[in-house]
Structures are given as C-alpha cells and as structure tokens.
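Q: Got target_23.cif for you, mmCIF, C-alpha atoms:
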```
data_entry
#
loop_
_atom_site.group_PDB
_atom_site.id
_atom_site.type_symbol
_atom_site.label_atom_id
_atom_site.label_comp_id
_atom_site.auth_asym_id
_atom_site.auth_seq_id
_atom_site.Cartn_x
_atom_site.Cartn_y
_atom_site.Cartn_z
ATOM 1 C CA MET B 828 81.948 133.311 38.124
ATOM 2 C CA THR B 829 83.780 131.441 40.871
ATOM 3 C CA ASP B 830 83.167 127.855 41.748
ATOM 4 C CA LYS B 831 81.766 127.237 45.161
ATOM 5 C CA PRO B 832 84.171 125.171 47.291
ATOM 6 C CA ALA B 833 83.057 121.611 47.876
ATOM 7 C CA ALA B 834 81.434 120.972 51.218
ATOM 8 C CA PRO B 835 83.515 118.853 53.573
ATOM 9 C CA PRO B 836 82.431 115.217 53.679
ATOM 10 C CA SER B 837 79.689 114.425 56.173
ATOM 11 C CA ILE B 838 80.335 112.069 59.081
ATOM 12 C CA GLY B 839 78.385 109.380 57.232
ATOM 13 C CA GLU B 840 80.457 109.821 54.085
ATOM 14 C CA GLN B 841 83.679 109.758 56.109
ATOM 15 C CA GLU B 842 82.598 106.502 57.786
ATOM 16 C CA LEU B 843 81.622 104.961 54.456
ATOM 17 C CA ASN B 844 84.968 105.830 52.869
ATOM 18 C CA LYS B 845 86.993 104.832 55.933
ATOM 19 C CA ALA B 846 85.479 101.440 56.657
ATOM 20 C CA TYR B 847 83.965 100.047 53.479
ATOM 21 C CA HIS B 848 85.851 98.273 50.734
ATOM 22 C CA PRO B 849 86.316 100.638 47.745
ATOM 23 C CA ASP B 850 84.338 98.306 45.450
ATOM 24 C CA ASP B 851 81.433 98.339 47.899
ATOM 25 C CA VAL B 852 81.619 102.127 48.222
ATOM 26 C CA ALA B 853 81.427 102.451 44.436
ATOM 27 C CA ALA B 854 78.498 100.021 44.178
ATOM 28 C CA PHE B 855 76.696 101.717 47.045
ATOM 29 C CA LYS B 856 77.173 105.185 45.565
ATOM 30 C CA GLN B 857 75.542 103.988 42.337
ATOM 31 C CA LEU B 858 72.348 103.823 44.383
ATOM 32 C CA GLN B 859 72.622 107.537 45.062
ATOM 33 C CA SER B 860 71.550 108.479 41.556
ATOM 34 C CA PHE B 861 68.886 105.757 41.474
ATOM 35 C CA CYS B 862 67.327 106.508 44.882
ATOM 36 C CA PRO B 863 68.906 109.446 46.730
ATOM 37 C CA ASP B 864 66.575 109.128 49.722
ATOM 38 C CA TYR B 865 67.580 105.515 50.357
ATOM 39 C CA PHE B 866 71.263 106.411 49.987
ATOM 40 C CA HIS B 867 70.836 109.311 52.426
ATOM 41 C CA ILE B 868 69.134 107.126 55.038
ATOM 42 C CA ILE B 869 71.926 104.560 54.944
ATOM 43 C CA GLN B 870 74.851 106.983 54.768
ATOM 44 C CA GLU B 871 73.690 109.794 57.012
ATOM 45 C CA PHE B 872 71.359 108.078 59.466
ATOM 46 C CA GLY B 873 72.957 104.636 59.558
ATOM 47 C CA LEU B 874 76.646 105.491 59.300
ATOM 48 C CA GLY B 875 76.513 109.141 60.303
ATOM 49 C CA SER B 876 74.233 108.805 63.314
ATOM 50 C CA LEU B 877 73.668 105.234 64.529
ATOM 51 C CA TRP B 878 77.284 104.099 64.104
ATOM 52 C CA GLN B 879 78.453 107.239 65.958
ATOM 53 C CA ARG B 880 76.507 106.537 69.149
ATOM 54 C CA PRO B 881 78.992 106.254 72.020
ATOM 55 C CA CYS B 882 77.613 103.475 74.232
ATOM 56 C CA LEU B 883 78.949 100.497 72.247
ATOM 57 C CA SER B 884 82.445 100.360 70.815
ATOM 58 C CA ALA B 885 82.941 100.051 67.053
ATOM 59 C CA ARG B 886 84.062 96.456 67.686
ATOM 60 C CA GLU B 887 80.852 95.631 69.555
ATOM 61 C CA LYS B 888 78.684 97.323 66.918
ATOM 62 C CA GLU B 889 80.433 95.354 64.179
ATOM 63 C CA LEU B 890 79.809 92.060 65.970
ATOM 64 C CA VAL B 891 76.124 92.952 66.416
ATOM 65 C CA ALA B 892 75.869 93.874 62.719
ATOM 66 C CA ILE B 893 77.459 90.609 61.598
ATOM 67 C CA ALA B 894 75.224 88.580 63.908
ATOM 68 C CA ALA B 895 72.152 90.378 62.567
ATOM 69 C CA LEU B 896 73.177 89.699 58.973
ATOM 70 C CA VAL B 897 73.788 86.013 59.693
ATOM 71 C CA THR B 898 70.358 85.675 61.316
ATOM 72 C CA GLN B 899 68.651 87.238 58.294
ATOM 73 C CA GLY B 900 70.135 84.840 55.796
ATOM 74 C CA ASP B 901 70.463 85.895 52.143
ATOM 75 C CA SER B 902 72.997 88.536 53.189
ATOM 76 C CA GLU B 903 76.166 87.258 51.545
ATOM 77 C CA ARG B 904 77.161 90.590 50.000
ATOM 78 C CA GLU B 905 76.705 92.438 53.275
ATOM 79 C CA ILE B 906 78.497 89.746 55.286
ATOM 80 C CA ARG B 907 81.449 89.974 52.887
ATOM 81 C CA GLN B 908 81.484 93.750 53.316
ATOM 82 C CA HIS B 909 81.524 93.403 57.093
ATOM 83 C CA LEU B 910 84.332 90.843 56.885
ATOM 84 C CA HIS B 911 86.323 93.634 55.245
ATOM 85 C CA THR B 912 85.244 96.166 57.871
ATOM 86 C CA ALA B 913 85.626 93.908 60.939
ATOM 87 C CA PRO B 914 89.437 94.082 61.293
ATOM 88 C CA LEU B 915 89.302 97.874 60.969
ATOM 89 C CA ARG B 916 87.006 97.850 63.980
ATOM 90 C CA GLY B 917 89.037 95.418 66.067
ATOM 91 C CA LEU B 918 87.457 92.036 65.254
ATOM 92 C CA THR B 919 89.314 88.920 64.199
ATOM 93 C CA ILE B 920 88.016 86.007 62.160
ATOM 94 C CA THR B 921 88.153 83.984 65.393
ATOM 95 C CA ASP B 922 85.841 86.515 67.090
ATOM 96 C CA ILE B 923 83.391 86.243 64.211
ATOM 97 C CA THR B 924 83.443 82.441 64.029
ATOM 98 C CA GLU B 925 82.880 82.223 67.806
ATOM 99 C CA CYS B 926 79.863 84.497 67.419
ATOM 100 C CA ILE B 927 78.508 82.264 64.663
ATOM 101 C CA ILE B 928 79.095 79.122 66.729
ATOM 102 C CA LEU B 929 76.994 80.685 69.495
ATOM 103 C CA LEU B 930 74.336 81.718 66.985
ATOM 104 C CA SER B 931 73.971 78.122 65.765
ATOM 105 C CA ILE B 932 72.027 77.289 68.936
ATOM 106 C CA TYR B 933 69.660 80.221 68.471
ATOM 107 C CA ILE B 934 69.107 80.392 64.717
ATOM 108 C CA GLY B 935 70.072 76.943 63.489
ATOM 109 C CA VAL B 936 72.731 75.253 61.453
ATOM 110 C CA PRO B 937 71.651 76.165 57.890
ATOM 111 C CA ARG B 938 72.160 79.913 58.324
ATOM 112 C CA THR B 939 75.275 79.592 60.436
ATOM 113 C CA TYR B 940 76.740 77.006 58.055
ATOM 114 C CA ASN B 941 76.200 79.417 55.156
ATOM 115 C CA ALA B 942 77.932 82.163 57.129
ATOM 116 C CA MET B 943 80.867 79.885 57.949
ATOM 117 C CA GLU B 944 81.214 79.086 54.255
ATOM 118 C CA ILE B 945 81.262 82.789 53.394
ATOM 119 C CA ILE B 946 83.990 83.342 55.995
ATOM 120 C CA ARG B 947 85.961 80.285 54.887
ATOM 121 C CA HIS B 948 86.071 81.556 51.298
ATOM 122 C CA HIS B 949 86.734 85.172 52.270
ATOM 123 C CA GLY B 950 89.945 86.817 51.168
#
```
Would you write out, as structure tokens, the structure that this file holds?
A:
Amino acid sequence: MTDKPAAPPSIGEQELNKAYHPDDVAAFKQLQSFCPDYFHIIQEFGLGSLWQRPCLSAREKELVAIAALVTQGDSEREIRQHLHTAPLRGLTITDITECIILLSIYIGVPRTYNAMEIIRHHG
C-alpha cells in the first residue's frame, strides 16, 4: 500500500502560514479539530478568497482590518496578530497610529486609547 501524496496547501493555508505569527497559526489550527467548519470559513473563505480580491492592495486591506478590529473593541488578540502582519503587508506603526487618531473622532477615545495601548506595548 502506497501513501497518497499530501495535497498542496490551499491559498488560504498559504496566506495563514505566510502572514500570521507562528504562535497564532498554532492556536488557530487548534480550532480545526474543535470546529472544522469555522476553521474552513476563516482559512478558505476569509484568507483564501476575500484577502485575494484584487481591488485593494494587501496594505489597504490590512489597514481596513485593523480599523475594524479597533472599532469592535475587545479585540486585543486579533489586533496583536495584525500588528505582526501589518509590516509584511507594507504598513508601519506610524500608519496604524494615524489611522487610530482619525478613528478617535468617529468611535471615541476609550476604544482608540485601548488600541494605542496595545500598540505601545507591542513587540
């Protein structure tokens, strides 16, 4: 009996492994055994489809994602992950802090202050 060769990684899996911090990849993959459908939606639809759309650059998509996480509040883990991913997609800490300064007018100081604290203590 011969072993079947492993399938090449999907676009979503390639994106996950390329951009995410290894600790976050490991934590995220633990969800696969707990809830495979949820894992599939995030990896294949989110990273494999939505992040591959050509209209916005990876840099622009990353800035939108960070802004969305800041507006939600209670997203510290995800914000930290995107602080890791941001430089890989062309963003600087200055770009991110400028985005958060702008957001302070629209979503208020408490959420933007929390985001600034996350950034200040990052890495």
Q: Tell me which protein, DNA and RNA residues are within 12 Å of Tyr847 of chain B, counting all atoms listed in the file, leaving out same-chain ones fewer than 6 positions away, and put them as a PDB file with C-alpha atoms, keeping the file's coordinate frame.
A:
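Result file is selection-v1.pdb:
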```pdb
ATOM      1  CA  GLY B 839      78.385 109.380  57.232  1.00  0.00           C
ATOM      2  CA  GLU B 840      80.457 109.821  54.085  1.00  0.00           C
ATOM      3  CA  GLN B 841      83.679 109.758  56.109  1.00  0.00           C
ATOM      4  CA  ALA B 853      81.427 102.451  44.436  1.00  0.00           C
ATOM      5  CA  ALA B 854      78.498 100.021  44.178  1.00  0.00           C
ATOM      6  CA  PHE B 855      76.696 101.717  47.045  1.00  0.00           C
ATOM      7  CA  LYS B 856      77.173 105.185  45.565  1.00  0.00           C
ATOM      8  CA  GLN B 870      74.851 106.983  54.768  1.00  0.00           C
ATOM      9  CA  LEU B 874      76.646 105.491  59.300  1.00  0.00           C
ATOM     10  CA  GLU B 905      76.705  92.438  53.275  1.00  0.00           C
ATOM     11  CA  ILE B 906      78.497  89.746  55.286  1.00  0.00           C
ATOM     12  CA  ARG B 907      81.449  89.974  52.887  1.00  0.00           C
ATOM     13  CA  GLN B 908      81.484  93.750  53.316  1.00  0.00           C
ATOM     14  CA  HIS B 909      81.524  93.403  57.093  1.00  0.00           C
ATOM     15  CA  LEU B 910      84.332  90.843  56.885  1.00  0.00           C
ATOM     16  CA  HIS B 911      86.323  93.634  55.245  1.00  0.00           C
ATOM     17  CA  THR B 912      85.244  96.166  57.871  1.00  0.00           C
ATOM     18  CA  ALA B 913      85.626  93.908  60.939  1.00  0.00           C
ATOM     19  CA  PRO B 914      89.437  94.082  61.293  1.00  0.00           C
ATOM     20  CA  LEU B 915      89.302  97.874  60.969  1.00  0.00           C
ATOM     21  CA  ARG B 916      87.006  97.850  63.980  1.00  0.00           C
TER      22      ARG B 916
END
```
Q: Have a look at atom CA of Arg880 of chain B and atom CA of Ser860 of chain B and let me know their distance in Å, one decimal.
A: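 Separating atom CA of Arg880 of chain B from atom CA of Ser860 of chain B is a distance of 28.1 Å.
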Q: Exactly which residues make up the result of the PyMOL selection byres ((chain B and resi 938-940) around 8) on this file, given as a PDB file with C-alpha atoms, in the frame of the given file?
A:
```pdb
ATOM      1  CA  VAL B 897      73.788  86.013  59.693  1.00  0.00           C
ATOM      2  CA  THR B 898      70.358  85.675  61.316  1.00  0.00           C
ATOM      3  CA  GLY B 900      70.135  84.840  55.796  1.00  0.00           C
ATOM      4  CA  ILE B 927      78.508  82.264  64.663  1.00  0.00           C
ATOM      5  CA  ILE B 928      79.095  79.122  66.729  1.00  0.00           C
ATOM      6  CA  LEU B 930      74.336  81.718  66.985  1.00  0.00           C
ATOM      7  CA  SER B 931      73.971  78.122  65.765  1.00  0.00           C
ATOM      8  CA  ILE B 934      69.107  80.392  64.717  1.00  0.00           C
ATOM      9  CA  GLY B 935      70.072  76.943  63.489  1.00  0.00           C
ATOM     10  CA  VAL B 936      72.731  75.253  61.453  1.00  0.00           C
ATOM     11  CA  PRO B 937      71.651  76.165  57.890  1.00  0.00           C
ATOM     12  CA  ASN B 941      76.200  79.417  55.156  1.00  0.00           C
ATOM     13  CA  ALA B 942      77.932  82.163  57.129  1.00  0.00           C
ATOM     14  CA  MET B 943      80.867  79.885  57.949  1.00  0.00           C
ATOM     15  CA  GLU B 944      81.214  79.086  54.255  1.00  0.00           C
TER      16      GLU B 944
END
```
Q: Looking at B:Asp851, B:His867, B:Lys845, B:Ile946, which one is nearest to Thr919 of chain B, with distances taken over only C-alpha atoms?
A: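 Of the candidates, the smallest distance to Thr919 of chain B is held by B:Ile946.
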Q: I need the output of the PyMOL selection byres ((chain B and resi 886) around 7) for this file as a PyMOL selection string; which residues are they?
A: chain B and resi 884-885+887-890+916-918
Q: Could you dump the residues just selected with C-alpha atoms as a short mmCIF file (atom, residue, chain, number, x, y, z; two decimals), in the coordinates of the input?
A:
```cif
data_model
loop_
_atom_site.label_atom_id
_atom_site.label_comp_id
_atom_site.auth_asym_id
_atom_site.auth_seq_id
_atom_site.Cartn_x
_atom_site.Cartn_y
_atom_site.Cartn_z
CA SER B 884 82.44 100.36 70.82
CA ALA B 885 82.94 100.05 67.05
CA GLU B 887 80.85 95.63 69.56
CA LYS B 888 78.68 97.32 66.92
CA GLU B 889 80.43 95.35 64.18
CA LEU B 890 79.81 92.06 65.97
CA ARG B 916 87.01 97.85 63.98
CA GLY B 917 89.04 95.42 66.07
CA LEU B 918 87.46 92.04 65.25
#
```
Q: Quick check, in Å to one decimal: how far apart do atom CA of Ile945 of chain B and atom CA of Glu925 of chain B lie?
A: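 Result for atom CA of Ile945 of chain B versus atom CA of Glu925 of chain B: 14.5 Å, one decimal.
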Q: In terms of the shortest atom-to-atom distance over all atoms listed in the file, which of B:Ser902, B:Leu843, B:Cys926, B:Ala834 is closest to Glu871 of chain B?
A: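 Of B:Ser902, B:Leu843, B:Cys926, B:Ala834, the one nearest Glu871 of chain B is B:Leu843, counting all atoms listed in the file.
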Q: Would you mind reading off the distance between atom CA of Ile869 of chain B and atom CA of Ala846 of chain B, one decimal, in Å?
A: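 Spanning atom CA of Ile869 of chain B to atom CA of Ala846 of chain B is a straight-line distance of 14.0 Å.
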Q: Using all atoms listed in the file, which residue out of B:Val891, B:Ile923, B:Ala833, B:Leu896 lies closest to Arg947 of chain B?
A: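 Nearest candidate to Arg947 of chain B out of B:Val891, B:Ile923, B:Ala833, B:Leu896: B:Ile923.
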Q: Measuring between all atoms listed in the file, which one of B:Leu929, B:Cys862, B:Ala892, B:Ile920 shows the shortest distance to His949 of chain B?
A: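 Among the listed residues, the smallest separation from His949 of chain B belongs to B:Ile920.
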Q: Which centre and which edge lengths, in Å to one decimal, describe the axis-aligned box that holds all listed atoms of segment 890-900 of chain B after 8 Å is added on each side, as AutoDock Vina command-line options?
A:
```
--center_x 74.2 --center_y 89.4 --center_z 61.1 --size_x 27.2 --size_y 25.0 --size_z 26.6
```
Q: Produce segment 883-910 of chain B of the given structure as output with N, CA and C atoms, as an mmCIF file, in the first residue's frame.
A:
```
data_model
loop_
_atom_site.group_PDB
_atom_site.id
_atom_site.type_symbol
_atom_site.label_atom_id
_atom_site.label_comp_id
_atom_site.auth_asym_id
_atom_site.auth_seq_id
_atom_site.Cartn_x
_atom_site.Cartn_y
_atom_site.Cartn_z
ATOM 1 N N LEU B 883 -8.300 46.086 -3.721
ATOM 2 C CA LEU B 883 -7.499 46.762 -2.701
ATOM 3 C C LEU B 883 -6.158 46.050 -2.559
ATOM 4 N N SER B 884 -5.135 46.821 -2.259
ATOM 5 C CA SER B 884 -3.822 46.218 -2.012
ATOM 6 C C SER B 884 -3.841 45.520 -0.653
ATOM 7 N N ALA B 885 -2.861 44.660 -0.422
ATOM 8 C CA ALA B 885 -2.745 43.998 0.887
ATOM 9 C C ALA B 885 -2.580 45.042 1.988
ATOM 10 N N ARG B 886 -1.847 46.106 1.711
ATOM 11 C CA ARG B 886 -1.656 47.189 2.680
ATOM 12 C C ARG B 886 -2.998 47.839 3.040
ATOM 13 N N GLU B 887 -3.785 48.141 2.030
ATOM 14 C CA GLU B 887 -5.097 48.762 2.277
ATOM 15 C C GLU B 887 -6.023 47.816 3.037
ATOM 16 N N LYS B 888 -6.033 46.550 2.661
ATOM 17 C CA LYS B 888 -6.869 45.568 3.359
ATOM 18 C C LYS B 888 -6.467 45.454 4.823
ATOM 19 N N GLU B 889 -5.165 45.469 5.077
ATOM 20 C CA GLU B 889 -4.676 45.369 6.456
ATOM 21 C C GLU B 889 -5.124 46.569 7.281
ATOM 22 N N LEU B 890 -5.061 47.757 6.705
ATOM 23 C CA LEU B 890 -5.495 48.953 7.424
ATOM 24 C C LEU B 890 -6.996 48.913 7.712
ATOM 25 N N VAL B 891 -7.779 48.432 6.762
ATOM 26 C CA VAL B 891 -9.224 48.265 6.977
ATOM 27 C C VAL B 891 -9.475 47.259 8.100
ATOM 28 N N ALA B 892 -8.738 46.135 8.076
ATOM 29 C CA ALA B 892 -8.926 45.108 9.104
ATOM 30 C C ALA B 892 -8.588 45.656 10.490
ATOM 31 N N ILE B 893 -7.490 46.367 10.603
ATOM 32 C CA ILE B 893 -7.111 46.931 11.902
ATOM 33 C C ILE B 893 -8.156 47.936 12.370
ATOM 34 N N ALA B 894 -8.605 48.800 11.478
ATOM 35 C CA ALA B 894 -9.630 49.777 11.852
ATOM 36 C C ALA B 894 -10.907 49.079 12.317
ATOM 37 N N ALA B 895 -11.292 48.020 11.634
ATOM 38 C CA ALA B 895 -12.498 47.284 12.032
ATOM 39 C C ALA B 895 -12.325 46.660 13.412
ATOM 40 N N LEU B 896 -11.164 46.102 13.675
ATOM 41 C CA LEU B 896 -10.915 45.496 14.986
ATOM 42 C C LEU B 896 -10.930 46.536 16.096
ATOM 43 N N VAL B 897 -10.342 47.696 15.839
ATOM 44 C CA VAL B 897 -10.342 48.768 16.843
ATOM 45 C C VAL B 897 -11.767 49.215 17.131
ATOM 46 N N THR B 898 -12.598 49.336 16.103
ATOM 47 C CA THR B 898 -13.973 49.798 16.322
ATOM 48 C C THR B 898 -14.796 48.782 17.111
ATOM 49 N N GLN B 899 -14.478 47.511 16.988
ATOM 50 C CA GLN B 899 -15.228 46.484 17.713
ATOM 51 C C GLN B 899 -14.927 46.483 19.201
ATOM 52 N N GLY B 900 -13.727 46.879 19.562
ATOM 53 C CA GLY B 900 -13.324 46.742 20.954
ATOM 54 C C GLY B 900 -13.167 45.265 21.281
ATOM 55 N N ASP B 901 -12.641 44.947 22.438
ATOM 56 C CA ASP B 901 -12.460 43.565 22.884
ATOM 57 C C ASP B 901 -11.823 42.686 21.809
ATOM 58 N N SER B 902 -10.834 43.237 21.113
ATOM 59 C CA SER B 902 -10.176 42.513 20.025
ATOM 60 C C SER B 902 -8.661 42.502 20.192
ATOM 61 N N GLU B 903 -8.196 42.522 21.431
ATOM 62 C CA GLU B 903 -6.764 42.650 21.674
ATOM 63 C C GLU B 903 -5.944 41.570 20.978
ATOM 64 N N ARG B 904 -6.383 40.325 21.086
ATOM 65 C CA ARG B 904 -5.617 39.233 20.452
ATOM 66 C C ARG B 904 -5.510 39.433 18.949
ATOM 67 N N GLU B 905 -6.613 39.787 18.325
ATOM 68 C CA GLU B 905 -6.613 39.989 16.876
ATOM 69 C C GLU B 905 -5.804 41.219 16.484
ATOM 70 N N ILE B 906 -5.895 42.289 17.269
ATOM 71 C CA ILE B 906 -5.093 43.480 16.970
ATOM 72 C C ILE B 906 -3.612 43.129 17.044
ATOM 73 N N ARG B 907 -3.222 42.388 18.080
ATOM 74 C CA ARG B 907 -1.813 41.977 18.193
ATOM 75 C C ARG B 907 -1.381 41.146 16.986
ATOM 76 N N GLN B 908 -2.245 40.251 16.533
ATOM 77 C CA GLN B 908 -1.927 39.456 15.352
ATOM 78 C C GLN B 908 -1.719 40.365 14.147
ATOM 79 N N HIS B 909 -2.585 41.332 13.971
ATOM 80 C CA HIS B 909 -2.463 42.219 12.811
ATOM 81 C C HIS B 909 -1.283 43.174 12.937
ATOM 82 N N LEU B 910 -0.836 43.460 14.152
ATOM 83 C CA LEU B 910 0.399 44.230 14.310
ATOM 84 C C LEU B 910 1.599 43.426 13.815
#
```
